[in-house]
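Data from protein.cif: mmCIF, C-alpha atoms and all ligand atoms
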```cif
data_upload
loop_
_atom_site.group_PDB
_atom_site.id
_atom_site.type_symbol
_atom_site.label_atom_id
_atom_site.label_comp_id
_atom_site.auth_asym_id
_atom_site.auth_seq_id
_atom_site.Cartn_x
_atom_site.Cartn_y
_atom_site.Cartn_z
ATOM 1 C CA ILE A 8 -21.958 53.088 -15.527
ATOM 2 C CA MET A 9 -21.318 51.690 -18.972
ATOM 3 C CA ILE A 10 -18.444 51.617 -21.418
ATOM 4 C CA SER A 11 -19.076 54.119 -24.181
ATOM 5 C CA GLU A 12 -19.800 52.881 -27.688
ATOM 6 C CA LYS A 13 -16.735 54.823 -28.887
ATOM 7 C CA SER A 14 -14.437 52.937 -26.506
ATOM 8 C CA ILE A 15 -15.879 49.596 -27.567
ATOM 9 C CA ILE A 16 -15.107 50.474 -31.190
ATOM 10 C CA GLU A 17 -11.552 51.484 -30.192
ATOM 11 C CA VAL A 18 -11.042 48.137 -28.461
ATOM 12 C CA LYS A 19 -12.403 46.282 -31.500
ATOM 13 C CA ASP A 20 -10.060 48.235 -33.774
ATOM 14 C CA ALA A 21 -7.051 47.615 -31.528
ATOM 15 C CA LEU A 22 -7.464 43.910 -30.970
ATOM 16 C CA ARG A 23 -6.068 41.160 -33.143
ATOM 17 C CA ILE A 24 -8.034 37.941 -32.804
ATOM 18 C CA GLU A 25 -4.977 35.771 -33.404
ATOM 19 C CA ASP A 26 -3.314 37.377 -30.358
ATOM 20 C CA VAL A 27 -6.401 37.058 -28.184
ATOM 21 C CA VAL A 28 -6.959 33.406 -29.110
ATOM 22 C CA GLY A 29 -3.189 32.809 -29.184
ATOM 23 C CA ASP A 30 -3.031 33.572 -25.442
ATOM 24 C CA VAL A 31 -5.081 30.439 -24.837
ATOM 25 C CA VAL A 32 -4.551 28.218 -27.884
ATOM 26 C CA ALA A 33 -1.301 27.315 -29.647
ATOM 27 C CA LEU A 34 -2.003 28.422 -33.215
ATOM 28 C CA LYS A 35 -0.311 27.570 -36.476
ATOM 29 C CA ARG A 36 -0.579 30.067 -39.301
ATOM 30 C CA HIS A 37 -1.751 29.097 -42.789
ATOM 31 C CA GLY A 38 -2.038 32.376 -44.702
ATOM 32 C CA VAL A 39 -4.931 34.438 -43.308
ATOM 33 C CA SER A 40 -6.174 31.557 -41.204
ATOM 34 C CA LEU A 41 -4.644 29.902 -38.178
ATOM 35 C CA THR A 42 -5.469 26.528 -36.737
ATOM 36 C CA GLY A 43 -5.171 24.966 -33.325
ATOM 37 C CA CYS A 44 -6.797 22.527 -30.957
ATOM 38 C CA CYS A 45 -10.213 23.747 -29.849
ATOM 39 C CA PRO A 46 -10.386 25.053 -26.256
ATOM 40 C CA PHE A 47 -14.110 24.286 -26.111
ATOM 41 C CA HIS A 48 -13.930 20.542 -26.663
ATOM 42 C CA ASN A 49 -11.314 17.817 -26.332
ATOM 43 C CA GLU A 50 -9.475 17.021 -29.511
ATOM 44 C CA LYS A 51 -6.099 15.803 -30.727
ATOM 45 C CA THR A 52 -6.295 16.953 -34.346
ATOM 46 C CA PRO A 53 -6.835 20.711 -34.759
ATOM 47 C CA SER A 54 -10.252 21.616 -36.124
ATOM 48 C CA PHE A 55 -10.311 25.089 -34.578
ATOM 49 C CA VAL A 56 -9.748 27.812 -37.177
ATOM 50 C CA VAL A 57 -9.126 31.514 -36.638
ATOM 51 C CA ASN A 58 -9.628 33.865 -39.561
ATOM 52 C CA SER A 59 -7.381 36.828 -38.819
ATOM 53 C CA SER A 60 -8.641 39.002 -41.673
ATOM 54 C CA LYS A 61 -12.324 38.574 -40.831
ATOM 55 C CA GLY A 62 -11.721 38.544 -37.075
ATOM 56 C CA PHE A 63 -13.620 35.425 -36.081
ATOM 57 C CA TYR A 64 -12.999 31.858 -34.997
ATOM 58 C CA LYS A 65 -14.839 28.673 -35.781
ATOM 59 C CA CYS A 66 -14.471 25.114 -34.581
ATOM 60 C CA PHE A 67 -15.388 22.485 -37.137
ATOM 61 C CA GLY A 68 -15.481 19.885 -34.388
ATOM 62 C CA CYS A 69 -18.012 21.314 -31.945
ATOM 63 C CA GLY A 70 -19.385 24.277 -33.905
ATOM 64 C CA GLU A 71 -18.262 27.011 -31.498
ATOM 65 C CA SER A 72 -17.758 30.318 -33.298
ATOM 66 C CA GLY A 73 -17.595 34.032 -32.677
ATOM 67 C CA ASP A 74 -15.334 37.063 -32.585
ATOM 68 C CA ALA A 75 -12.475 37.896 -30.202
ATOM 69 C CA ILE A 76 -14.842 39.382 -27.610
ATOM 70 C CA ALA A 77 -17.027 36.272 -27.633
ATOM 71 C CA PHE A 78 -13.860 34.179 -27.262
ATOM 72 C CA VAL A 79 -12.766 36.106 -24.155
ATOM 73 C CA MET A 80 -16.286 35.904 -22.699
ATOM 74 C CA LYS A 81 -16.507 32.143 -23.227
ATOM 75 C CA THR A 82 -12.991 31.169 -22.151
ATOM 76 C CA ASN A 83 -13.015 33.412 -19.051
ATOM 77 C CA ASN A 84 -16.703 33.097 -18.250
ATOM 78 C CA MET A 85 -17.002 36.884 -18.427
ATOM 79 C CA SER A 86 -19.792 39.280 -19.282
ATOM 80 C CA TYR A 87 -19.486 41.512 -22.363
ATOM 81 C CA PRO A 88 -18.244 44.607 -20.437
ATOM 82 C CA GLU A 89 -15.768 42.469 -18.472
ATOM 83 C CA ALA A 90 -14.363 41.078 -21.719
ATOM 84 C CA ILE A 91 -14.073 44.605 -23.148
ATOM 85 C CA GLU A 92 -12.216 45.700 -19.998
ATOM 86 C CA LYS A 93 -9.813 42.778 -20.235
ATOM 87 C CA LEU A 94 -9.100 43.501 -23.915
ATOM 88 C CA ALA A 95 -8.731 47.235 -23.251
ATOM 89 C CA ALA A 96 -6.076 46.430 -20.629
ATOM 90 C CA LYS A 97 -4.298 44.071 -23.033
ATOM 91 C CA TYR A 98 -4.161 46.702 -25.796
ATOM 92 C CA ASN A 99 -3.774 49.799 -23.611
ATOM 93 C CA VAL A 100 -7.034 51.323 -24.731
ATOM 94 C CA HIS A 101 -8.385 53.945 -22.374
ATOM 95 C CA LEU A 102 -12.025 53.146 -21.691
ATOM 96 C CA GLU A 103 -14.425 56.032 -21.619
ATOM 97 C CA LEU A 104 -17.301 55.405 -19.250
ATOM 98 C CA THR A 105 -20.772 56.780 -19.572
ATOM 99 C CA ASP A 106 -23.500 56.864 -16.965
ATOM 100 C CA ASP A 107 -26.007 56.397 -19.749
ATOM 101 C CA ASN A 108 -27.333 53.007 -18.754
ATOM 102 C CA ARG A 109 -30.182 52.956 -21.250
ATOM 103 C CA THR A 110 -30.190 50.077 -23.669
ATOM 104 C CA LYS A 111 -29.873 50.600 -27.410
ATOM 105 C CA GLU A 112 -33.591 49.841 -27.765
ATOM 106 C CA GLN A 113 -34.493 52.487 -25.190
ATOM 107 C CA ILE A 114 -32.328 55.082 -26.915
ATOM 108 C CA GLU A 115 -33.882 54.181 -30.264
ATOM 109 C CA SER A 116 -37.471 54.349 -28.985
ATOM 110 C CA GLU A 117 -36.775 57.704 -27.306
ATOM 111 C CA ARG A 118 -35.323 59.010 -30.546
ATOM 112 C CA GLN A 119 -38.441 57.891 -32.415
ATOM 113 C CA LYS A 120 -40.680 59.546 -29.833
ATOM 114 C CA LYS A 121 -38.721 62.760 -30.281
ATOM 115 C CA ASP A 122 -39.084 62.505 -34.079
ATOM 116 C CA THR A 123 -42.827 61.998 -33.728
ATOM 117 C CA ALA A 124 -43.054 64.985 -31.386
ATOM 118 C CA THR A 125 -41.154 67.169 -33.851
ATOM 119 C CA LEU A 126 -43.383 65.970 -36.659
ATOM 120 C CA LEU A 127 -46.530 66.764 -34.673
ATOM 121 C CA LEU A 128 -45.165 70.182 -33.809
ATOM 122 C CA ASN A 129 -44.392 70.904 -37.458
ATOM 123 C CA THR A 130 -47.825 69.736 -38.565
ATOM 124 C CA ALA A 131 -49.452 71.890 -35.896
ATOM 125 C CA SER A 132 -47.488 74.972 -36.875
ATOM 126 C CA LEU A 133 -48.251 74.376 -40.555
ATOM 127 C CA ARG A 134 -51.952 74.154 -39.791
ATOM 128 C CA TYR A 135 -51.697 77.304 -37.716
ATOM 129 C CA GLN A 136 -49.990 79.165 -40.571
ATOM 130 C CA LYS A 137 -52.669 77.995 -42.987
ATOM 131 C CA GLU A 138 -55.442 79.120 -40.686
ATOM 132 C CA LEU A 139 -53.714 82.430 -40.243
ATOM 133 C CA LYS A 140 -53.545 82.873 -44.017
ATOM 134 C CA ASN A 141 -57.193 81.951 -44.413
ATOM 135 C CA HIS A 142 -58.068 84.342 -41.664
ATOM 136 C CA HIS A 143 -56.252 87.160 -43.450
ATOM 137 C CA LYS A 144 -57.922 86.207 -46.719
ATOM 138 C CA SER A 145 -61.356 86.235 -45.195
ATOM 139 C CA LYS A 146 -60.689 89.640 -43.702
ATOM 140 C CA LEU A 147 -59.661 90.994 -47.088
ATOM 141 C CA GLN A 148 -62.766 89.684 -48.800
HETATM 142 ZN ZN ZN B 201 -14.490 22.618 -30.638
#
```

Kindly return the structure encoded in the file as structure tokens.
Amino acid sequence: IMISEKSIIEVKDALRIEDVVGDVVALKRHGVSLTGCCPFHNEKTPSFVVNSSKGFYKCFGCGESGDAIAFVMKTNNMSYPEAIEKLAAKYNVHLELTDDNRTKEQIESERQKKDTATLLLNTASLRYQKELKNHHKSKLQ
């Protein structure tokens, strides 16, 4: 069972990184960016910056960076789906589950196989039509 791609997008649309980070870090706003003391390393002067318009955080002290989902994963030691679930609960997003447990790569390679099969089929039917035409021509001659 996996969370559908659609639900993940809904969660991403619903979340506000400054809220997600703000649950853990005391942030001060400076226009579109907010600063606070980094939760990933010990510091007294804030070098942790959250960009609310771009939706990511970066620490200029230790180099940690990522989006809100990565923040939840790292601060709670969660997997990606667990972080999505936590954020969905926070923002009241209903998660749609899918039993499609193929990876993106598997889906992509299956799609390509299908395309190749269709192509082969089309080529075969074209050749057949051509042969049919030639056959008719030869009969007429
Ligand atoms: Zn840091």

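Identified as lying at most 8 Å from ligand ZN 201 (chain B) when counting only C-alpha atoms and all ligand atoms are the residues Cys44, Cys45, Pro46, Phe47, His48, Asn49, Glu50, Ser54, Phe55, Lys65, Cys66, Phe67, Gly68, Cys69, Gly70 and Glu71 of chain A.
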
Output check: residues returned by the PyMOL selection byres (((chain A and resi 34) around 12) and not hetatm), as a list in words: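 Applying the expression gives Ile24, Glu25, Asp26, Val27, Val28, Gly29, Asp30, Val31, Val32, Ala33, Lys35, Arg36, His37, Ser40, Leu41, Thr42, Gly43, Cys44, Cys45, Pro46, Pro53, Ser54, Phe55, Val56, Val57, Asn58, Ser59 and Tyr64 of chain A.
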
Near Ile10 in chain A, within 6 Å and counting all atoms listed in the file, which residues show up once chain neighbours fewer than 6 positions away are dropped, as number ranges by chain? A: 103-105

One-decimal distance in Å that lies between CA of Leu127 in chain A and CA of Leu139 in chain A: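 So the two atoms, CA of Leu139 in chain A and CA of Leu127 in chain A, lie 18.1 Å apart.
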
Shell around Ala21 in chain A at 10 Å using only C-alpha atoms, local window under 2 positions removed, as a PDB file with C-alpha atoms, in the coordinates of the input:
```pdb
ATOM      1  CA  ILE A  15     -15.879  49.596 -27.567  1.00  0.00           C
ATOM      2  CA  ILE A  16     -15.107  50.474 -31.190  1.00  0.00           C
ATOM      3  CA  GLU A  17     -11.552  51.484 -30.192  1.00  0.00           C
ATOM      4  CA  VAL A  18     -11.042  48.137 -28.461  1.00  0.00           C
ATOM      5  CA  LYS A  19     -12.403  46.282 -31.500  1.00  0.00           C
ATOM      6  CA  ARG A  23      -6.068  41.160 -33.143  1.00  0.00           C
ATOM      7  CA  ILE A  24      -8.034  37.941 -32.804  1.00  0.00           C
ATOM      8  CA  LEU A  94      -9.100  43.501 -23.915  1.00  0.00           C
ATOM      9  CA  ALA A  95      -8.731  47.235 -23.251  1.00  0.00           C
ATOM     10  CA  LYS A  97      -4.298  44.071 -23.033  1.00  0.00           C
ATOM     11  CA  TYR A  98      -4.161  46.702 -25.796  1.00  0.00           C
ATOM     12  CA  ASN A  99      -3.774  49.799 -23.611  1.00  0.00           C
ATOM     13  CA  VAL A 100      -7.034  51.323 -24.731  1.00  0.00           C
TER      14      VAL A 100
END
```
